Amino acid sequence: MVNTLSLYKPLLQGLMKLTGVRPRAVEIEPGTVIHFWVPRETTTTNKPAVVFLHGFGCDGILTWQFQVLALAKKYAVYVPDLLFFGDSITDKTERSPAFQAECMAKGLRKLRVEKCTLVGLSYGGIVGFKMAEMFPNLVDSMVITCSVMALTESITCAGLQRIGFSSWAHYLIPETVEGVKKLLDVAFYKLPWIPDFVYRDILEALYFDHKKERHELLEALIVKDKDFTVPRFTQRIYLLWGGDDIIFDKEEVRNLKELLEGKATEHCIERAGHLVELECPLAYNRTLKQILASLYEDGKEK
């Protein structure tokens, strides 16, 4: 039987090309290649650059498809696959968010992106915070969705207790159809009915590859509480959350705002879970457009 997701992806990719973005592989260094979706004309565009970083569930374009459709006309949209997702790969042994951030920044530099707004979901938000810390001249502003600054041990314990799992790997790297069902049920406020064969297709298409490397990514993600220090961010930061996210709930939003010392502006979409950009794309896009409009006017940065 043909995998439904394997059928859908070529259709989605064709739609993305009609929208004005195209795939491009960028070699960071020998052995490390980042796959991007980039504007059709990367060298001539004067549009503000918006970079979307996906979470741990799937690749960039599946995660951000509705946002690309909504924003590609007005903004120069860049959608990378993080390492070991989609078509991004490395032969290096480094697995830290800092290494992901460094590779993303180098890829964007090779694409001649000098300054951008980062939009990061979950794991992508953690990588985004690290990019903002390491490359402040590149990252001008951030929109963080359902994420934290760093995945500390205390945040891990609280989050796993809320979702009823013993480890992030047990939740985020499912090995059965039931595991995929549980992953999505936790990530959505109200998961629509999906036939079992689609769950099976999702499992085969998204979770069979790079299992060892993804386990290593998760191991490298957790930080001891005593080792975590809060960087000083110069960027404008916006928190765009699903109001019913249980992975990183409203208490985590409050904690994050305190760590940012009042620097962040919060926007909440009610009746939406962790994957708010997929569950409520119209509301998410409307708010994201408002944020971007507050940063840019007539294609020029304020």
# chains A, B, ... in the order shown; residues from 1 in each chain; ligands from 1
call {"tool": "residues_around", "arguments": {"residues": "Gln161 (chain A)", "least_positions_apart": "4", "cutoff": "12 Å", "atoms": "only C-alpha atoms", "output": "PyMOL selection string"}}
result
chain A and resi 154-157+165-168+171+246-248
call {"tool": "select_by_dssp", "arguments": {"residues": "region 71-218 of chain A", "states": "helix (DSSP H, G or I)", "output": "PyMOL selection string"}}
result
chain A and resi 71+97-110+123-134+153-163+168-172+177-187+196-206+211-218
call {"tool": "closest_atom_pairs", "arguments": {"of": "region 192-293 of chain A", "to": "region 78-99 of chain A", "cutoff": "9 Å", "atoms": "only C-alpha atoms", "output": "tab-separated table"}}
result
residue	atom	partner	partner_atom	distance
A:Leu206	CA	A:Gly86	CA	8.4
A:Asp209	CA	A:Phe84	CA	8.2
A:His210	CA	A:Phe84	CA	6.2
A:Lys211	CA	A:Phe84	CA	8.9
A:Glu213	CA	A:Phe84	CA	6.9
A:Arg214	CA	A:Phe84	CA	6.9
A:Glu216	CA	A:Arg95	CA	6.5
A:Leu217	CA	A:Arg95	CA	5.1
A:Leu218	CA	A:Arg95	CA	8.4
A:Glu219	CA	A:Arg95	CA	8.5
A:Ala220	CA	A:Ser96	CA	5.2
A:Leu221	CA	A:Ser96	CA	6.3
call {"tool": "write_last_selection", "arguments": {"atoms": "N, CA, C and O atoms", "output": "mmCIF file, in the first residue's frame"}}
result
data_model
loop_
_atom_site.group_PDB
_atom_site.id
_atom_site.type_symbol
_atom_site.label_atom_id
_atom_site.label_comp_id
_atom_site.auth_asym_id
_atom_site.auth_seq_id
_atom_site.Cartn_x
_atom_site.Cartn_y
_atom_site.Cartn_z
ATOM 1 N N LEU A 206 8.104 9.349 9.142
ATOM 2 C CA LEU A 206 8.752 10.370 9.960
ATOM 3 C C LEU A 206 9.633 9.832 11.077
ATOM 4 O O LEU A 206 10.509 10.566 11.571
ATOM 5 N N ASP A 209 13.739 6.850 10.452
ATOM 6 C CA ASP A 209 15.110 7.256 10.110
ATOM 7 C C ASP A 209 15.795 7.962 11.281
ATOM 8 O O ASP A 209 15.153 8.657 12.072
ATOM 9 N N HIS A 210 17.096 7.792 11.370
ATOM 10 C CA HIS A 210 17.956 8.536 12.309
ATOM 11 C C HIS A 210 17.523 8.385 13.770
ATOM 12 O O HIS A 210 17.637 9.330 14.564
ATOM 13 N N LYS A 211 17.042 7.199 14.151
ATOM 14 C CA LYS A 211 16.607 7.012 15.540
ATOM 15 C C LYS A 211 17.759 7.209 16.523
ATOM 16 O O LYS A 211 17.609 7.881 17.545
ATOM 17 N N GLU A 213 20.565 8.914 16.192
ATOM 18 C CA GLU A 213 20.987 10.312 16.255
ATOM 19 C C GLU A 213 19.960 11.171 16.985
ATOM 20 O O GLU A 213 20.338 12.101 17.720
ATOM 21 N N ARG A 214 18.691 10.878 16.823
ATOM 22 C CA ARG A 214 17.670 11.680 17.511
ATOM 23 C C ARG A 214 17.683 11.411 19.013
ATOM 24 O O ARG A 214 17.449 12.330 19.819
ATOM 25 N N GLU A 216 20.364 10.811 20.611
ATOM 26 C CA GLU A 216 21.527 11.590 21.033
ATOM 27 C C GLU A 216 21.211 13.077 21.100
ATOM 28 O O GLU A 216 21.695 13.784 22.003
ATOM 29 N N LEU A 217 20.394 13.580 20.178
ATOM 30 C CA LEU A 217 19.966 14.980 20.226
ATOM 31 C C LEU A 217 19.219 15.274 21.523
ATOM 32 O O LEU A 217 19.437 16.313 22.166
ATOM 33 N N LEU A 218 18.327 14.359 21.912
ATOM 34 C CA LEU A 218 17.553 14.560 23.136
ATOM 35 C C LEU A 218 18.432 14.480 24.375
ATOM 36 O O LEU A 218 18.242 15.242 25.334
ATOM 37 N N GLU A 219 19.401 13.574 24.364
ATOM 38 C CA GLU A 219 20.322 13.481 25.492
ATOM 39 C C GLU A 219 21.124 14.766 25.648
ATOM 40 O O GLU A 219 21.371 15.231 26.766
ATOM 41 N N ALA A 220 21.528 15.349 24.522
ATOM 42 C CA ALA A 220 22.322 16.577 24.554
ATOM 43 C C ALA A 220 21.478 17.802 24.887
ATOM 44 O O ALA A 220 22.030 18.877 25.174
ATOM 45 N N LEU A 221 20.175 17.663 24.857
ATOM 46 C CA LEU A 221 19.272 18.799 25.046
ATOM 47 C C LEU A 221 19.084 19.156 26.515
ATOM 48 O O LEU A 221 18.892 20.326 26.861
#
call {"tool": "closest_atom_pairs", "arguments": {"of": "region 50-144 of chain A", "to": "region 187-200 of chain A", "cutoff": "12 Å", "atoms": "only C-alpha atoms", "output": "tab-separated table"}}
result
residue	atom	partner	partner_atom	distance
A:Gly55	CA	A:Ala187	CA	11.3
A:Phe56	CA	A:Ala187	CA	11.5
A:Gly57	CA	A:Ala187	CA	9.9
A:Ser122	CA	A:Ala187	CA	10.9
call {"tool": "closest_residue", "arguments": {"among": "A:Glu204, A:Ala49, A:His54, A:Leu184", "to": "Ser6 (chain A)", "atoms": "only C-alpha atoms"}}
result
A:Glu204
call {"tool": "atom_distance", "arguments": {"atom1": "CA of Val223 (chain A)", "atom2": "CA of Leu259 (chain A)"}}
result
15.9 Å
call {"tool": "closest_residue", "arguments": {"among": "A:Leu288, A:Leu71, A:Leu62, A:Val33", "to": "Tyr8 (chain A)", "atoms": "only C-alpha atoms"}}
result
A:Leu62
call {"tool": "atom_distance", "arguments": {"atom1": "CA of Val38 (chain A)", "atom2": "CA of Val51 (chain A)"}}
result
9.5 Å
call {"tool": "atom_distance", "arguments": {"atom1": "CA of Leu172 (chain A)", "atom2": "CA of Cys58 (chain A)"}}
result
10.1 Å
call {"tool": "residues_around", "arguments": {"residues": "Leu15 (chain A)", "least_positions_apart": "3", "cutoff": "12 Å", "atoms": "only C-alpha atoms", "output": "PyMOL selection string"}}
result
chain A and resi 8-12+18-22+61+65-66+68-69+72
call {"tool": "write_last_selection", "arguments": {"atoms": "N, CA, C and O atoms", "output": "mmCIF file, in the first residue's frame"}}
result
data_model
loop_
_atom_site.group_PDB
_atom_site.id
_atom_site.type_symbol
_atom_site.label_atom_id
_atom_site.label_comp_id
_atom_site.auth_asym_id
_atom_site.auth_seq_id
_atom_site.Cartn_x
_atom_site.Cartn_y
_atom_site.Cartn_z
ATOM 1 N N TYR A 8 1.487 12.804 -0.164
ATOM 2 C CA TYR A 8 1.175 14.195 0.140
ATOM 3 C C TYR A 8 2.377 15.116 -0.061
ATOM 4 O O TYR A 8 2.241 16.242 -0.559
ATOM 5 N N LYS A 9 3.572 14.644 0.319
ATOM 6 C CA LYS A 9 4.738 15.525 0.299
ATOM 7 C C LYS A 9 5.066 16.076 -1.085
ATOM 8 O O LYS A 9 5.352 17.274 -1.213
ATOM 9 N N PRO A 10 5.027 15.279 -2.160
ATOM 10 C CA PRO A 10 5.281 15.873 -3.489
ATOM 11 C C PRO A 10 4.239 16.922 -3.870
ATOM 12 O O PRO A 10 4.569 17.929 -4.512
ATOM 13 N N LEU A 11 2.984 16.706 -3.465
ATOM 14 C CA LEU A 11 1.939 17.699 -3.727
ATOM 15 C C LEU A 11 2.235 18.984 -2.959
ATOM 16 O O LEU A 11 2.113 20.094 -3.499
ATOM 17 N N LEU A 12 2.624 18.832 -1.701
ATOM 18 C CA LEU A 12 2.967 19.995 -0.882
ATOM 19 C C LEU A 12 4.167 20.730 -1.464
ATOM 20 O O LEU A 12 4.184 21.965 -1.545
ATOM 21 N N LEU A 18 4.955 26.841 -6.235
ATOM 22 C CA LEU A 18 4.030 27.828 -6.794
ATOM 23 C C LEU A 18 3.928 29.056 -5.906
ATOM 24 O O LEU A 18 3.682 30.169 -6.382
ATOM 25 N N THR A 19 4.113 28.871 -4.612
ATOM 26 C CA THR A 19 4.054 29.971 -3.656
ATOM 27 C C THR A 19 5.261 30.887 -3.769
ATOM 28 O O THR A 19 5.217 32.051 -3.353
ATOM 29 N N GLY A 20 6.363 30.350 -4.301
ATOM 30 C CA GLY A 20 7.544 31.191 -4.491
ATOM 31 C C GLY A 20 8.764 30.762 -3.714
ATOM 32 O O GLY A 20 9.730 31.522 -3.602
ATOM 33 N N VAL A 21 8.747 29.532 -3.168
ATOM 34 C CA VAL A 21 9.936 29.019 -2.503
ATOM 35 C C VAL A 21 10.381 27.736 -3.197
ATOM 36 O O VAL A 21 9.588 27.058 -3.849
ATOM 37 N N ARG A 22 11.659 27.431 -3.033
ATOM 38 C CA ARG A 22 12.213 26.245 -3.695
ATOM 39 C C ARG A 22 13.195 25.554 -2.753
ATOM 40 O O ARG A 22 13.761 26.183 -1.855
ATOM 41 N N ILE A 61 9.110 21.916 6.311
ATOM 42 C CA ILE A 61 8.007 22.335 5.454
ATOM 43 C C ILE A 61 6.681 21.713 5.879
ATOM 44 O O ILE A 61 5.618 22.318 5.705
ATOM 45 N N GLN A 65 3.970 24.644 6.779
ATOM 46 C CA GLN A 65 3.358 24.782 5.460
ATOM 47 C C GLN A 65 2.335 25.914 5.396
ATOM 48 O O GLN A 65 2.313 26.687 4.424
ATOM 49 N N PHE A 66 1.503 26.052 6.413
ATOM 50 C CA PHE A 66 0.457 27.080 6.377
ATOM 51 C C PHE A 66 1.050 28.479 6.535
ATOM 52 O O PHE A 66 0.516 29.457 5.997
ATOM 53 N N VAL A 68 4.139 29.377 5.478
ATOM 54 C CA VAL A 68 4.792 29.711 4.210
ATOM 55 C C VAL A 68 3.760 30.225 3.214
ATOM 56 O O VAL A 68 3.970 31.244 2.530
ATOM 57 N N LEU A 69 2.627 29.534 3.128
ATOM 58 C CA LEU A 69 1.574 29.965 2.207
ATOM 59 C C LEU A 69 1.091 31.374 2.530
ATOM 60 O O LEU A 69 0.788 32.161 1.637
ATOM 61 N N ALA A 72 4.847 34.058 2.272
ATOM 62 C CA ALA A 72 5.897 34.078 1.240
ATOM 63 C C ALA A 72 5.773 35.254 0.276
ATOM 64 O O ALA A 72 6.771 35.672 -0.321
#
call {"tool": "closest_residue", "arguments": {"among": "A:Met142, A:Leu108, A:Met1, A:Val253", "to": "Ile291 (chain A)", "atoms": "only C-alpha atoms"}}
result
A:Met142
call {"tool": "residues_around", "arguments": {"residues": "Val180 (chain A)", "least_positions_apart": "3", "cutoff": "8 Å", "atoms": "only C-alpha atoms", "output": "ChimeraX atom specification"}}
result
/A:174-177,183-184,199,202-203
call {"tool": "closest_residue", "arguments": {"among": "A:Val143, A:Ile222, A:Val148, A:Ala205", "to": "Thr287 (chain A)", "atoms": "only C-alpha atoms"}}
result
A:Val143
call {"tool": "residues_around", "arguments": {"residues": "region 132-139 of chain A", "least_positions_apart": "4", "cutoff": "7 Å", "atoms": "only C-alpha atoms", "output": "JSON, numbers by chain"}}
result
{"A": [114, 115, 116, 117, 118, 128, 231, 233]}
call {"tool": "closest_residue", "arguments": {"among": "A:Ala272, A:Val119, A:Ala169, A:Leu53", "to": "Phe36 (chain A)", "atoms": "only C-alpha atoms"}}
result
A:Leu53
call {"tool": "decode", "arguments": {"residues": "region 156-167 of chain A", "atoms": "N, CA, C and O atoms", "output": "compact mmCIF listing (two decimals), in the first residue's frame"}}
result
# COMPACT_ATOMS: atom_id res chain seq x y z
N THR A 156 12.12 19.49 32.52
CA THR A 156 11.91 18.13 32.01
C THR A 156 11.02 17.33 32.94
O THR A 156 10.05 16.69 32.50
N CYS A 157 11.32 17.35 34.23
CA CYS A 157 10.52 16.58 35.20
C CYS A 157 9.07 17.03 35.21
O CYS A 157 8.15 16.19 35.21
N ALA A 158 8.85 18.35 35.21
CA ALA A 158 7.49 18.87 35.24
C ALA A 158 6.74 18.53 33.96
O ALA A 158 5.57 18.12 33.99
N GLY A 159 7.40 18.70 32.82
CA GLY A 159 6.75 18.43 31.55
C GLY A 159 6.40 16.96 31.37
O GLY A 159 5.30 16.62 30.93
N LEU A 160 7.33 16.08 31.70
CA LEU A 160 7.06 14.65 31.56
C LEU A 160 5.95 14.19 32.51
O LEU A 160 5.15 13.32 32.16
N GLN A 161 5.91 14.79 33.68
CA GLN A 161 4.83 14.44 34.61
C GLN A 161 3.48 14.86 34.05
O GLN A 161 2.49 14.11 34.17
N ARG A 162 3.41 16.02 33.42
CA ARG A 162 2.14 16.48 32.86
C ARG A 162 1.66 15.58 31.73
O ARG A 162 0.46 15.32 31.60
N ILE A 163 2.57 15.08 30.88
CA ILE A 163 2.13 14.29 29.73
C ILE A 163 2.15 12.79 29.99
O ILE A 163 1.68 12.01 29.16
N GLY A 164 2.70 12.37 31.14
CA GLY A 164 2.64 10.96 31.52
C GLY A 164 3.64 10.07 30.83
O GLY A 164 3.34 8.90 30.53
N PHE A 165 4.85 10.59 30.59
CA PHE A 165 5.91 9.79 29.97
C PHE A 165 7.14 9.77 30.87
O PHE A 165 7.36 10.70 31.66
N SER A 166 7.94 8.73 30.72
CA SER A 166 9.14 8.59 31.56
C SER A 166 10.34 9.30 30.99
O SER A 166 11.31 9.58 31.71
N SER A 167 10.34 9.60 29.69
CA SER A 167 11.46 10.30 29.05
C SER A 167 10.96 11.01 27.81
O SER A 167 9.92 10.65 27.24
